[in-house]
>>> print(open('protein-v9.pdb').read())   # PDB, C-alpha atoms
ATOM      1  CA  MET A   1       0.000   0.000   0.000
ATOM      2  CA  LYS A   2       1.340   3.412  -0.967
ATOM      3  CA  VAL A   3       0.283   6.516   0.947
ATOM      4  CA  LEU A   4       0.521  10.180   0.000
ATOM      5  CA  SER A   5       0.007  12.612   2.869
ATOM      6  CA  LEU A   6      -0.500  16.251   1.889
ATOM      7  CA  PHE A   7       0.089  19.003   4.457
ATOM      8  CA  ASP A   8       1.653  16.156   6.429
ATOM      9  CA  GLY A   9       2.878  18.263   9.344
ATOM     10  CA  MET A  10       4.471  16.014  11.951
ATOM     11  CA  SER A  11       2.863  12.959  10.312
ATOM     12  CA  CYS A  12      -0.119  12.329  12.567
ATOM     13  CA  GLY A  13      -1.552  10.307   9.686
ATOM     14  CA  GLN A  14       1.354   7.921   9.903
ATOM     15  CA  ILE A  15       0.847   7.455  13.638
ATOM     16  CA  ALA A  16      -2.844   6.750  12.945
ATOM     17  CA  LEU A  17      -2.077   4.145  10.266
ATOM     18  CA  ASN A  18       0.164   2.297  12.674
ATOM     19  CA  ARG A  19      -2.339   2.593  15.503
ATOM     20  CA  ALA A  20      -5.071   1.188  13.254
ATOM     21  CA  GLY A  21      -2.833  -1.706  12.202
ATOM     22  CA  ILE A  22      -2.767  -0.680   8.525
ATOM     23  CA  LYS A  23       0.296  -1.945   6.643
ATOM     24  CA  TYR A  24       1.940   0.284   4.052
ATOM     25  CA  ASP A  25       5.230   0.017   2.211
ATOM     26  CA  THR A  26       5.689   3.601   0.977
ATOM     27  CA  TYR A  27       4.791   6.850   2.692
ATOM     28  CA  TYR A  28       5.143  10.082   0.734
ATOM     29  CA  ALA A  29       4.812  13.325   2.685
ATOM     30  CA  SER A  30       4.338  16.862   1.386
ATOM     31  CA  GLU A  31       5.335  19.423   4.011
ATOM     32  CA  ILE A  32       7.339  22.670   4.081
ATOM     33  CA  ASP A  33       7.761  23.311   7.831
ATOM     34  CA  LYS A  34      11.321  22.269   8.645
ATOM     35  CA  TYR A  35      10.556  21.578  12.299
ATOM     36  CA  ALA A  36       7.581  19.352  11.520
ATOM     37  CA  ILE A  37       9.729  17.501   8.970
ATOM     38  CA  GLN A  38      12.448  17.081  11.588
ATOM     39  CA  VAL A  39       9.989  15.501  14.016
ATOM     40  CA  THR A  40       8.569  13.226  11.309
ATOM     41  CA  GLN A  41      11.991  11.974  10.228
ATOM     42  CA  LYS A  42      13.000  11.382  13.839
ATOM     43  CA  ASN A  43      10.033   9.093  14.355
ATOM     44  CA  TYR A  44       9.629   7.643  10.838
ATOM     45  CA  HIS A  45      13.011   7.482   9.101
ATOM     46  CA  ASN A  46      11.664   5.989   5.879
ATOM     47  CA  THR A  47       9.270   8.842   5.134
ATOM     48  CA  ILE A  48       9.847  10.233   1.631
ATOM     49  CA  GLN A  49       9.614  14.018   1.839
ATOM     50  CA  LEU A  50       8.354  15.708  -1.330
ATOM     51  CA  GLY A  51       8.352  19.354  -0.298
ATOM     52  CA  ASP A  52       5.926  22.064  -1.392
ATOM     53  CA  ILE A  53       2.490  20.878  -2.538
ATOM     54  CA  ALA A  54       2.445  23.710  -5.091
ATOM     55  CA  LYS A  55       5.144  21.809  -7.018
ATOM     56  CA  TRP A  56       3.260  18.524  -7.098
ATOM     57  CA  LYS A  57       3.399  18.239 -10.879
ATOM     58  CA  GLU A  58       7.174  17.850 -10.562
ATOM     59  CA  TRP A  59       6.933  14.871  -8.216
ATOM     60  CA  ASP A  60       8.153  11.527  -9.482
ATOM     61  CA  ILE A  61       6.147   9.093  -7.382
ATOM     62  CA  GLU A  62       4.213   5.872  -7.811
ATOM     63  CA  LYS A  63       0.443   6.064  -7.817
ATOM     64  CA  PRO A  64      -0.756   6.285  -4.200
ATOM     65  CA  ASP A  65      -3.539   4.029  -2.924
ATOM     66  CA  LEU A  66      -4.501   6.463  -0.167
ATOM     67  CA  ILE A  67      -4.251  10.245  -0.279
ATOM     68  CA  MET A  68      -4.970  12.179   2.895
ATOM     69  CA  GLY A  69      -4.536  15.671   4.222
ATOM     70  CA  GLY A  70      -5.881  18.481   6.329
ATOM     71  CA  SER A  71      -5.681  21.556   4.106
ATOM     72  CA  PRO A  72      -4.992  24.854   5.937
ATOM     73  CA  CYS A  73      -8.111  25.962   7.776
ATOM     74  CA  GLN A  74      -7.392  29.588   8.692
ATOM     75  CA  GLY A  75      -9.734  30.998   6.058
ATOM     76  CA  PHE A  76     -12.619  28.780   7.165
ATOM     77  CA  SER A  77     -12.266  28.893  10.939
ATOM     78  CA  PHE A  78     -14.920  30.789  12.872
ATOM     79  CA  ALA A  79     -12.072  31.937  15.133
ATOM     80  CA  GLY A  80     -10.425  33.773  12.229
ATOM     81  CA  LYS A  81     -11.438  36.428   9.705
ATOM     82  CA  GLN A  82     -13.532  33.926   7.730
ATOM     83  CA  LEU A  83     -12.065  34.889   4.376
ATOM     84  CA  ASN A  84     -12.965  31.398   3.189
ATOM     85  CA  PHE A  85     -11.540  30.732  -0.287
ATOM     86  CA  ASP A  86     -10.238  34.305  -0.492
ATOM     87  CA  ASP A  87      -7.584  33.255   2.016
ATOM     88  CA  PRO A  88      -4.582  31.980  -0.005
ATOM     89  CA  ARG A  89      -4.005  29.194   2.525
ATOM     90  CA  SER A  90      -7.536  27.878   2.184
ATOM     91  CA  LYS A  91      -7.230  27.967  -1.602
ATOM     92  CA  LEU A  92      -4.784  25.090  -1.231
ATOM     93  CA  PHE A  93      -7.837  22.851  -0.937
ATOM     94  CA  PHE A  94      -8.171  23.134  -4.720
ATOM     95  CA  VAL A  95      -4.608  21.838  -5.114
ATOM     96  CA  PHE A  96      -5.568  18.890  -2.906
ATOM     97  CA  ALA A  97      -8.579  18.282  -5.154
ATOM     98  CA  ASP A  98      -6.433  18.470  -8.306
ATOM     99  CA  ILE A  99      -4.072  15.850  -6.906
ATOM    100  CA  ILE A 100      -6.991  13.544  -6.081
ATOM    101  CA  LYS A 101      -8.329  13.989  -9.606
ATOM    102  CA  HIS A 102      -4.912  13.267 -11.125
ATOM    103  CA  TYR A 103      -4.001  10.118  -9.190
ATOM    104  CA  LYS A 104      -7.502   8.716  -8.614
ATOM    105  CA  PRO A 105      -6.540   6.829  -5.438
ATOM    106  CA  LYS A 106      -8.676   4.012  -4.082
ATOM    107  CA  TYR A 107      -9.213   5.995  -0.872
ATOM    108  CA  PHE A 108      -8.981   9.634   0.163
ATOM    109  CA  LEU A 109      -9.436  11.565   3.400
ATOM    110  CA  LEU A 110      -9.727  15.327   3.825
ATOM    111  CA  GLU A 111     -10.019  17.021   7.219
ATOM    112  CA  ASN A 112     -10.995  20.592   7.989
ATOM    113  CA  VAL A 113     -12.721  22.768  10.588
ATOM    114  CA  LYS A 114     -16.431  23.461  10.865
ATOM    115  CA  MET A 115     -17.175  26.306   8.493
ATOM    116  CA  LYS A 116     -19.911  28.264   6.792
ATOM    117  CA  LYS A 117     -22.386  26.075   4.943
ATOM    118  CA  GLU A 118     -21.543  27.748   1.640
ATOM    119  CA  SER A 119     -17.839  26.829   1.872
ATOM    120  CA  GLN A 120     -18.651  23.362   3.155
ATOM    121  CA  GLN A 121     -20.906  22.752   0.180
ATOM    122  CA  VAL A 122     -18.174  23.799  -2.281
ATOM    123  CA  ILE A 123     -15.829  21.199  -0.796
ATOM    124  CA  THR A 124     -18.584  18.582  -0.687
ATOM    125  CA  ASP A 125     -19.472  19.120  -4.346
ATOM    126  CA  ILE A 126     -15.858  18.780  -5.445
ATOM    127  CA  MET A 127     -15.048  15.776  -3.232
ATOM    128  CA  GLY A 128     -18.315  14.041  -4.120
ATOM    129  CA  VAL A 129     -19.088  12.930  -0.553
ATOM    130  CA  GLU A 130     -20.804  14.453   2.460
ATOM    131  CA  PRO A 131     -18.520  15.151   5.421
ATOM    132  CA  VAL A 132     -18.719  13.285   8.706
ATOM    133  CA  GLU A 133     -18.465  15.504  11.793
ATOM    134  CA  ILE A 134     -16.562  13.988  14.702
ATOM    135  CA  ASN A 135     -15.739  15.656  18.004
ATOM    136  CA  SER A 136     -12.338  14.599  19.340
ATOM    137  CA  ALA A 137     -13.906  14.703  22.815
ATOM    138  CA  LEU A 138     -15.127  11.149  22.196
ATOM    139  CA  VAL A 139     -11.579   9.788  22.026
ATOM    140  CA  SER A 140      -9.482  12.414  23.784
ATOM    141  CA  ALA A 141      -9.484  15.022  26.549
ATOM    142  CA  GLN A 142     -10.297  17.986  24.294
ATOM    143  CA  ASN A 143     -13.327  19.349  22.503
ATOM    144  CA  ARG A 144     -12.345  19.561  18.849
ATOM    145  CA  LYS A 145     -15.104  19.388  16.241
ATOM    146  CA  ARG A 146     -13.836  18.623  12.746
ATOM    147  CA  LEU A 147     -15.270  17.632   9.373
ATOM    148  CA  TYR A 148     -13.974  14.591   7.472
ATOM    149  CA  TRP A 149     -14.633  14.037   3.774
ATOM    150  CA  THR A 150     -13.750  10.466   2.811
ATOM    151  CA  ASN A 151     -14.762   7.585   0.572
ATOM    152  CA  ILE A 152     -13.667   5.091   3.223
ATOM    153  CA  PRO A 153     -16.942   3.219   3.821
ATOM    154  CA  GLY A 154     -18.948   2.748   7.008
ATOM    155  CA  ILE A 155     -17.614   5.594   9.142
ATOM    156  CA  LEU A 156     -19.622   5.803  12.372
ATOM    157  CA  GLN A 157     -19.145   7.920  15.469
ATOM    158  CA  PRO A 158     -16.440   6.467  17.721
ATOM    159  CA  LYS A 159     -17.408   5.195  21.143
ATOM    160  CA  ASP A 160     -16.794   7.582  24.024
ATOM    161  CA  LYS A 161     -13.513   6.557  25.653
ATOM    162  CA  LYS A 162     -14.273   8.842  28.619
ATOM    163  CA  ILE A 163     -10.855  10.488  28.639
ATOM    164  CA  TYR A 164     -10.853  13.662  30.699
ATOM    165  CA  LEU A 165      -8.461  16.559  31.132
ATOM    166  CA  LYS A 166      -7.642  15.423  34.652
ATOM    167  CA  ASP A 167      -6.434  12.122  33.190
ATOM    168  CA  ILE A 168      -3.759  13.638  30.976
ATOM    169  CA  ILE A 169      -2.129  16.397  33.033
ATOM    170  CA  GLU A 170       1.312  15.742  34.458
ATOM    171  CA  ASN A 171       0.578  17.468  37.768
ATOM    172  CA  GLY A 172      -1.883  19.775  39.467
ATOM    173  CA  VAL A 173      -5.637  19.963  38.978
ATOM    174  CA  VAL A 174      -8.012  21.275  36.307
ATOM    175  CA  ASP A 175     -11.303  23.150  36.325
ATOM    176  CA  LYS A 176     -13.157  21.447  33.475
ATOM    177  CA  GLU A 177     -13.799  17.935  32.165
ATOM    178  CA  LYS A 178     -12.551  18.601  28.642
ATOM    179  CA  SER A 179      -9.932  20.990  27.362
ATOM    180  CA  TYR A 180     -10.722  23.720  24.905
ATOM    181  CA  CYS A 181      -9.621  22.977  21.361
ATOM    182  CA  LEU A 182      -5.837  23.132  21.086
ATOM    183  CA  ASP A 183      -4.738  25.617  18.433
ATOM    184  CA  ALA A 184      -1.448  26.483  16.778
ATOM    185  CA  CYS A 185      -1.288  29.816  18.650
ATOM    186  CA  TYR A 186      -0.914  28.175  22.044
ATOM    187  CA  TRP A 187       2.838  28.751  21.749
ATOM    188  CA  LYS A 188       2.222  32.467  22.308
ATOM    189  CA  GLY A 189       1.884  31.626  25.954
ATOM    190  CA  THR A 190      -0.487  31.997  28.832
ATOM    191  CA  THR A 191       0.495  35.231  30.522
ATOM    192  CA  ILE A 192      -1.348  36.383  33.588
ATOM    193  CA  GLU A 193      -2.832  39.287  31.645
ATOM    194  CA  GLN A 194      -4.093  36.973  28.881
ATOM    195  CA  TYR A 195      -5.504  34.641  31.471
ATOM    196  CA  ILE A 196      -7.397  37.347  33.326
ATOM    197  CA  ASN A 197      -8.685  38.837  30.075
ATOM    198  CA  LYS A 198      -9.946  35.365  29.083
ATOM    199  CA  LYS A 199      -7.845  35.328  25.921
ATOM    200  CA  ARG A 200      -5.971  32.144  26.772
ATOM    201  CA  ARG A 201      -8.208  29.783  28.704
ATOM    202  CA  GLN A 202      -6.214  26.599  28.130
ATOM    203  CA  VAL A 203      -4.894  26.199  31.665
ATOM    204  CA  ALA A 204      -4.263  23.812  34.507
ATOM    205  CA  PHE A 205      -3.382  24.658  38.094
ATOM    206  CA  THR A 206      -0.165  24.000  39.947
ATOM    207  CA  GLU A 207       1.123  23.959  43.526
ATOM    208  CA  ARG A 208       2.150  27.421  44.753
ATOM    209  CA  ARG A 209       5.415  26.162  46.261
ATOM    210  CA  THR A 210       6.958  25.167  42.944
ATOM    211  CA  GLU A 211       9.422  27.468  41.204
ATOM    212  CA  GLU A 212       6.884  27.904  38.425
ATOM    213  CA  ALA A 213       4.245  29.103  40.883
ATOM    214  CA  LYS A 214       6.691  31.473  42.542
ATOM    215  CA  LYS A 215       7.508  33.006  39.177
ATOM    216  CA  ILE A 216       3.812  33.438  38.384
ATOM    217  CA  ARG A 217       3.169  35.040  41.771
ATOM    218  CA  LYS A 218       6.091  37.447  41.365
ATOM    219  CA  GLU A 219       4.934  38.450  37.891
ATOM    220  CA  PHE A 220       1.435  39.094  39.148
ATOM    221  CA  MET A 221       2.700  41.220  42.055
ATOM    222  CA  GLN A 222       4.807  43.332  39.703
ATOM    223  CA  LYS A 223       1.945  43.965  37.293
ATOM    224  CA  TYR A 224      -0.982  44.393  39.651
ATOM    225  CA  GLY A 225       0.530  45.265  43.024
ATOM    226  CA  ARG A 226      -1.368  42.505  44.800
ATOM    227  CA  ASP A 227      -1.008  38.818  45.447
ATOM    228  CA  PHE A 228      -2.799  36.245  43.303
ATOM    229  CA  SER A 229      -4.271  34.319  46.198
ATOM    230  CA  PRO A 230      -7.819  33.079  46.776
ATOM    231  CA  ARG A 231     -10.387  34.888  48.827
ATOM    232  CA  ARG A 232     -10.801  33.756  52.381
ATOM    233  CA  ALA A 233     -13.168  30.856  52.973
ATOM    234  CA  LYS A 234     -15.702  32.992  54.829
ATOM    235  CA  GLU A 235     -16.051  35.181  51.742
ATOM    236  CA  LEU A 236     -17.041  32.290  49.481
ATOM    237  CA  ILE A 237     -20.663  31.933  48.450
ATOM    238  CA  PRO A 238     -22.154  29.483  50.979
ATOM    239  CA  ARG A 239     -23.732  26.224  49.858
ATOM    240  CA  ASN A 240     -25.934  23.788  51.718
ATOM    241  CA  ASP A 241     -24.016  20.690  50.593
ATOM    242  CA  ASN A 242     -20.600  21.684  51.990
ATOM    243  CA  LYS A 243     -19.231  21.977  48.450
ATOM    244  CA  MET A 244     -17.842  25.027  46.697
ATOM    245  CA  ASN A 245     -19.265  26.287  43.431
ATOM    246  CA  CYS A 246     -17.743  24.908  40.232
ATOM    247  CA  LEU A 247     -14.286  26.339  39.593
ATOM    248  CA  THR A 248     -14.006  28.071  36.227
ATOM    249  CA  SER A 249     -11.166  29.729  34.352
ATOM    250  CA  THR A 250     -13.176  32.908  33.765
ATOM    251  CA  PHE A 251     -13.204  34.495  37.202
ATOM    252  CA  SER A 252     -12.112  38.149  37.536
ATOM    253  CA  ILE A 253      -9.311  39.610  39.630
ATOM    254  CA  LYS A 254     -11.776  40.695  42.294
ATOM    255  CA  GLU A 255     -13.759  37.497  42.312
ATOM    256  CA  HIS A 256     -11.152  34.803  41.770
ATOM    257  CA  THR A 257     -12.016  31.722  43.823
ATOM    258  CA  LEU A 258      -9.644  28.768  43.743
ATOM    259  CA  ILE A 259     -10.032  25.491  45.611
ATOM    260  CA  ASP A 260      -7.304  26.260  48.163
ATOM    261  CA  GLU A 261      -4.392  28.628  48.673
ATOM    262  CA  LYS A 262      -1.830  26.266  47.116
ATOM    263  CA  LEU A 263      -3.154  26.540  43.575
ATOM    264  CA  TYR A 264      -1.921  28.778  40.742
ATOM    265  CA  TYR A 265      -2.670  28.529  37.062
ATOM    266  CA  ARG A 266      -0.154  27.450  34.417
ATOM    267  CA  LYS A 267      -0.134  26.695  30.714
ATOM    268  CA  LEU A 268      -0.311  23.113  29.535
ATOM    269  CA  THR A 269       3.012  21.386  28.898
ATOM    270  CA  PRO A 270       4.056  20.031  25.478
ATOM    271  CA  ILE A 271       3.509  16.479  26.734
ATOM    272  CA  GLU A 272       0.000  17.372  27.919
ATOM    273  CA  CYS A 273      -0.722  18.877  24.495
ATOM    274  CA  GLU A 274       0.568  15.687  22.880
ATOM    275  CA  ARG A 275      -1.894  13.779  25.020
ATOM    276  CA  LEU A 276      -4.713  16.114  23.966
ATOM    277  CA  GLN A 277      -3.972  15.107  20.378
ATOM    278  CA  THR A 278      -3.469  11.458  21.463
ATOM    279  CA  VAL A 279       0.091  11.606  20.184
ATOM    280  CA  PRO A 280       2.685   9.462  22.027
ATOM    281  CA  ASP A 281       4.496  11.210  24.878
ATOM    282  CA  ASN A 282       7.615  13.066  23.708
ATOM    283  CA  TYR A 283       6.822  12.417  20.047
ATOM    284  CA  THR A 284       7.571  16.079  19.260
ATOM    285  CA  GLU A 285      10.689  16.214  21.440
ATOM    286  CA  GLY A 286      13.830  17.558  19.766
ATOM    287  CA  VAL A 287      12.596  21.011  18.732
ATOM    288  CA  SER A 288      11.716  24.074  20.790
ATOM    289  CA  ASN A 289       8.525  24.136  22.833
ATOM    290  CA  THR A 290       7.291  26.934  20.567
ATOM    291  CA  GLN A 291       7.514  24.635  17.554
ATOM    292  CA  ARG A 292       6.045  21.719  19.498
ATOM    293  CA  TYR A 293       2.958  23.746  20.408
ATOM    294  CA  LYS A 294       2.579  24.982  16.824
ATOM    295  CA  MET A 295       2.717  21.585  15.173
ATOM    296  CA  LEU A 296       0.465  19.988  17.778
ATOM    297  CA  GLY A 297      -2.139  22.702  17.337
ATOM    298  CA  ASN A 298      -1.986  22.210  13.570
ATOM    299  CA  GLY A 299      -2.060  18.425  13.861
ATOM    300  CA  TRP A 300      -4.779  15.812  13.932
ATOM    301  CA  THR A 301      -6.298  14.014  16.891
ATOM    302  CA  VAL A 302      -4.680  10.674  16.102
ATOM    303  CA  ASN A 303      -7.360   8.520  17.705
ATOM    304  CA  VAL A 304     -10.010  10.016  15.405
ATOM    305  CA  ILE A 305      -7.970   9.279  12.269
ATOM    306  CA  ALA A 306      -7.141   5.777  13.501
ATOM    307  CA  HIS A 307     -10.862   5.192  14.051
ATOM    308  CA  ILE A 308     -11.535   6.174  10.434
ATOM    309  CA  PHE A 309      -8.667   4.072   9.094
ATOM    310  CA  LYS A 310      -9.935   0.930  10.794
ATOM    311  CA  ASN A 311     -12.572   0.832   8.053
ATOM    312  CA  LEU A 312      -9.969   0.609   5.306
ATOM    313  CA  LYS A 313     -10.411  -2.593   3.323
ATOM    314  CA  TRP A 314      -7.139  -3.624   1.775
ATOM    315  CA  ASN A 315      -6.066  -6.834   0.058
TER     316      ASN A 315
END
>>> encode(input="protein-v9.pdb", output="structure tokens")
Amino acid sequence: MKVLSLFDGMSCGQIALNRAGIKYDTYYASEIDKYAIQVTQKNYHNTIQLGDIAKWKEWDIEKPDLIMGGSPCQGFSFAGKQLNFDDPRSKLFFVFADIIKHYKPKYFLLENVKMKKESQQVITDIMGVEPVEINSALVSAQNRKRLYWTNIPGILQPKDKKIYLKDIIENGVVDKEKSYCLDACYWKGTTIEQYINKKRRQVAFTERRTEEAKKIRKEFMQKYGRDFSPRRAKELIPRNDNKMNCLTSTFSIKEHTLIDEKLYYRKLTPIECERLQTVPDNYTEGVSNTQRYKMLGNGWTVNVIAHIFKNLKWN
């Protein structure tokens, strides 16, 4: 079986093939990010890197049996400017479609974000199949709704594996069952100001006695002239069941209410983000944390792709 992965990134598709038990003898990858390529080659030495998808007509490859890819989503995402196909990155979908038309593989898989119905219909008409929407929350610790266009038959919703955010953190506690969707901008950091302004809600909480907590506390004191400590117990809203109200990551400076005085927020670690995407621990090790966060945010939830691939019928 020969595989062509477009916009391969750090090769989440290759992890998924292996996890689904699908045998392949050749894996072609089209990717231009040098750090993602570095991570791929570290983990899968035999990957054949082809470079820029825009130069696909120059490739000298055997006909692939499976072509897959997650074309850039920035133009479609509701979190962006929603330029749709006017965004040059989102226009790369048409290159993906041209490659499918040229090679006519037995199977194809395209992934993208939820988008406006008009844009979704354009992709559906060209691919010739309706998309399947799957939320990564069923097989991971994050909410991540994505659309999958594929001719792989019999794709059903995966069973809920009941994986929660508390199950994947390395230390500390969390304030929600599922993480927010991991994005490629997580590398920009979780500063105290961003946290308070609700611009970076992807957080866990850590013990105040650690060096990390001390640094956070010092930074807060310098910026706001007051300690980032919880309100006294007598000031909490009383309940009849001896429980405190649900902890959220959206409290204000004046109304912050943590479980106890030992807790301070922190950003998720690269390993925790790998676990959100159901990527093996330390898979992205070897490049800077900035690049690890970027490629993980751009990557696939491996367990979702493996679920889809289990329906591949290959002789």
>>> resolve_selection(input="protein-v9.pdb", expression="the PyMOL selection byres ((chain A and resi 296-299) around 8)", output="ChimeraX atom specification")
/A:9-10,12,182-186,273-274,277,292-295,300-301
>>> write_last_selection(input="protein-v9.pdb", atoms="C-alpha atoms", output="short mmCIF file (atom, residue, chain, number, x, y, z; two decimals), in the frame of the given file")
data_model
loop_
_atom_site.label_atom_id
_atom_site.label_comp_id
_atom_site.auth_asym_id
_atom_site.auth_seq_id
_atom_site.Cartn_x
_atom_site.Cartn_y
_atom_site.Cartn_z
CA GLY A 9 2.88 18.26 9.34
CA MET A 10 4.47 16.01 11.95
CA CYS A 12 -0.12 12.33 12.57
CA LEU A 182 -5.84 23.13 21.09
CA ASP A 183 -4.74 25.62 18.43
CA ALA A 184 -1.45 26.48 16.78
CA CYS A 185 -1.29 29.82 18.65
CA TYR A 186 -0.91 28.18 22.04
CA CYS A 273 -0.72 18.88 24.50
CA GLU A 274 0.57 15.69 22.88
CA GLN A 277 -3.97 15.11 20.38
CA ARG A 292 6.04 21.72 19.50
CA TYR A 293 2.96 23.75 20.41
CA LYS A 294 2.58 24.98 16.82
CA MET A 295 2.72 21.58 15.17
CA TRP A 300 -4.78 15.81 13.93
CA THR A 301 -6.30 14.01 16.89
#
>>> closest_atom_pairs(input="protein-v9.pdb", of="stretch 85-139 of chain A", to="stretch 149-154 of chain A", cutoff="12 Å", atoms="all atoms listed in the file", output="JSON lines")
{"residue": "A:Ala97", "atom": "CA", "partner": "A:Trp149", "partner_atom": "CA", "distance": 11.6}
{"residue": "A:Ile100", "atom": "CA", "partner": "A:Thr150", "partner_atom": "CA", "distance": 11.6}
{"residue": "A:Lys104", "atom": "CA", "partner": "A:Asn151", "partner_atom": "CA", "distance": 11.8}
{"residue": "A:Pro105", "atom": "CA", "partner": "A:Asn151", "partner_atom": "CA", "distance": 10.2}
{"residue": "A:Lys106", "atom": "CA", "partner": "A:Asn151", "partner_atom": "CA", "distance": 8.5}
{"residue": "A:Tyr107", "atom": "CA", "partner": "A:Asn151", "partner_atom": "CA", "distance": 6.0}
{"residue": "A:Phe108", "atom": "CA", "partner": "A:Thr150", "partner_atom": "CA", "distance": 5.5}
{"residue": "A:Leu109", "atom": "CA", "partner": "A:Thr150", "partner_atom": "CA", "distance": 4.5}
{"residue": "A:Leu110", "atom": "CA", "partner": "A:Trp149", "partner_atom": "CA", "distance": 5.1}
{"residue": "A:Glu111", "atom": "CA", "partner": "A:Trp149", "partner_atom": "CA", "distance": 6.5}
{"residue": "A:Asn112", "atom": "CA", "partner": "A:Trp149", "partner_atom": "CA", "distance": 8.6}
{"residue": "A:Val113", "atom": "CA", "partner": "A:Trp149", "partner_atom": "CA", "distance": 11.2}
{"residue": "A:Lys114", "atom": "CA", "partner": "A:Trp149", "partner_atom": "CA", "distance": 11.9}
{"residue": "A:Gln120", "atom": "CA", "partner": "A:Trp149", "partner_atom": "CA", "distance": 10.2}
{"residue": "A:Gln121", "atom": "CA", "partner": "A:Trp149", "partner_atom": "CA", "distance": 11.3}
{"residue": "A:Ile123", "atom": "CA", "partner": "A:Trp149", "partner_atom": "CA", "distance": 8.6}
{"residue": "A:Thr124", "atom": "CA", "partner": "A:Trp149", "partner_atom": "CA", "distance": 7.5}
{"residue": "A:Asp125", "atom": "CA", "partner": "A:Trp149", "partner_atom": "CA", "distance": 10.7}
{"residue": "A:Ile126", "atom": "CA", "partner": "A:Trp149", "partner_atom": "CA", "distance": 10.4}
{"residue": "A:Met127", "atom": "CA", "partner": "A:Trp149", "partner_atom": "CA", "distance": 7.2}
{"residue": "A:Gly128", "atom": "CA", "partner": "A:Trp149", "partner_atom": "CA", "distance": 8.7}
{"residue": "A:Val129", "atom": "CA", "partner": "A:Trp149", "partner_atom": "CA", "distance": 6.3}
{"residue": "A:Glu130", "atom": "CA", "partner": "A:Trp149", "partner_atom": "CA", "distance": 6.3}
{"residue": "A:Pro131", "atom": "CA", "partner": "A:Trp149", "partner_atom": "CA", "distance": 4.4}
{"residue": "A:Val132", "atom": "CA", "partner": "A:Trp149", "partner_atom": "CA", "distance": 6.4}
{"residue": "A:Glu133", "atom": "CA", "partner": "A:Trp149", "partner_atom": "CA", "distance": 9.0}
{"residue": "A:Ile134", "atom": "CA", "partner": "A:Trp149", "partner_atom": "CA", "distance": 11.1}
>>> closest_residue(input="protein-v9.pdb", among="A:Leu276, A:Leu268, A:Val122, A:Ile67", to="A:Tyr164", atoms="all atoms listed in the file")
A:Leu276
>>> atom_distance(input="protein-v9.pdb", atom1="atom CA of A:Lys57", atom2="atom CA of A:Tyr35")
24.5 Å
>>> closest_residue(input="protein-v9.pdb", among="A:Asn18, A:Ser179, A:Ser71, A:Asn143", to="A:Lys310", atoms="all atoms listed in the file")
A:Asn18
>>> residues_around(input="protein-v9.pdb", residues="A:Leu6", least_positions_apart="5", cutoff="9 Å", atoms="all atoms listed in the file", output="list in words")
Tyr28, Ala29, Ser30, Glu31, Ile53, Ile67, Met68, Gly69, Gly70, Ser71 and Phe96 of chain A
>>> closest_residue(input="protein-v9.pdb", among="A:Pro72, A:Glu285, A:Arg275, A:Ser136", to="A:Lys161", atoms="only C-alpha atoms")
A:Ser136
>>> closest_residue(input="protein-v9.pdb", among="A:Ala306, A:Ala54, A:Leu4, A:Leu147", to="A:Tyr24", atoms="all atoms listed in the file")
A:Leu4
>>> resolve_selection(input="protein-v9.pdb", expression="the PyMOL selection byres ((chain A and resi 47) around 10)", output="PDB file with C-alpha atoms, keeping the file's coordinate frame")
ATOM      1  CA  SER A  11       2.863  12.959  10.312  1.00  0.00           C
ATOM      2  CA  GLN A  14       1.354   7.921   9.903  1.00  0.00           C
ATOM      3  CA  THR A  26       5.689   3.601   0.977  1.00  0.00           C
ATOM      4  CA  TYR A  27       4.791   6.850   2.692  1.00  0.00           C
ATOM      5  CA  TYR A  28       5.143  10.082   0.734  1.00  0.00           C
ATOM      6  CA  ALA A  29       4.812  13.325   2.685  1.00  0.00           C
ATOM      7  CA  ILE A  37       9.729  17.501   8.970  1.00  0.00           C
ATOM      8  CA  THR A  40       8.569  13.226  11.309  1.00  0.00           C
ATOM      9  CA  GLN A  41      11.991  11.974  10.228  1.00  0.00           C
ATOM     10  CA  LYS A  42      13.000  11.382  13.839  1.00  0.00           C
ATOM     11  CA  ASN A  43      10.033   9.093  14.355  1.00  0.00           C
ATOM     12  CA  TYR A  44       9.629   7.643  10.838  1.00  0.00           C
ATOM     13  CA  HIS A  45      13.011   7.482   9.101  1.00  0.00           C
ATOM     14  CA  ASN A  46      11.664   5.989   5.879  1.00  0.00           C
ATOM     15  CA  ILE A  48       9.847  10.233   1.631  1.00  0.00           C
ATOM     16  CA  GLN A  49       9.614  14.018   1.839  1.00  0.00           C
ATOM     17  CA  LEU A  50       8.354  15.708  -1.330  1.00  0.00           C
TER      18      LEU A  50
END
>>> atom_distance(input="protein-v9.pdb", atom1="atom CA of A:Arg144", atom2="atom CA of A:Glu177")
13.5 Å
>>> atom_distance(input="protein-v9.pdb", atom1="atom CA of A:Thr290", atom2="atom CA of A:Trp187")
5.0 Å
>>> resolve_selection(input="protein-v9.pdb", expression="the PyMOL selection byres ((chain A and resi 156) around 9)", output="JSON list (two decimals) with C-alpha atoms, in the coordinates of the input")
[["chain", "number", "residue", "atom", "x", "y", "z"],
["A", 132, "VAL", "CA", -18.72, 13.28, 8.71],
["A", 154, "GLY", "CA", -18.95, 2.75, 7.01],
["A", 155, "ILE", "CA", -17.61, 5.59, 9.14],
["A", 157, "GLN", "CA", -19.14, 7.92, 15.47],
["A", 158, "PRO", "CA", -16.44, 6.47, 17.72],
["A", 307, "HIS", "CA", -10.86, 5.19, 14.05],
["A", 308, "ILE", "CA", -11.54, 6.17, 10.43]]
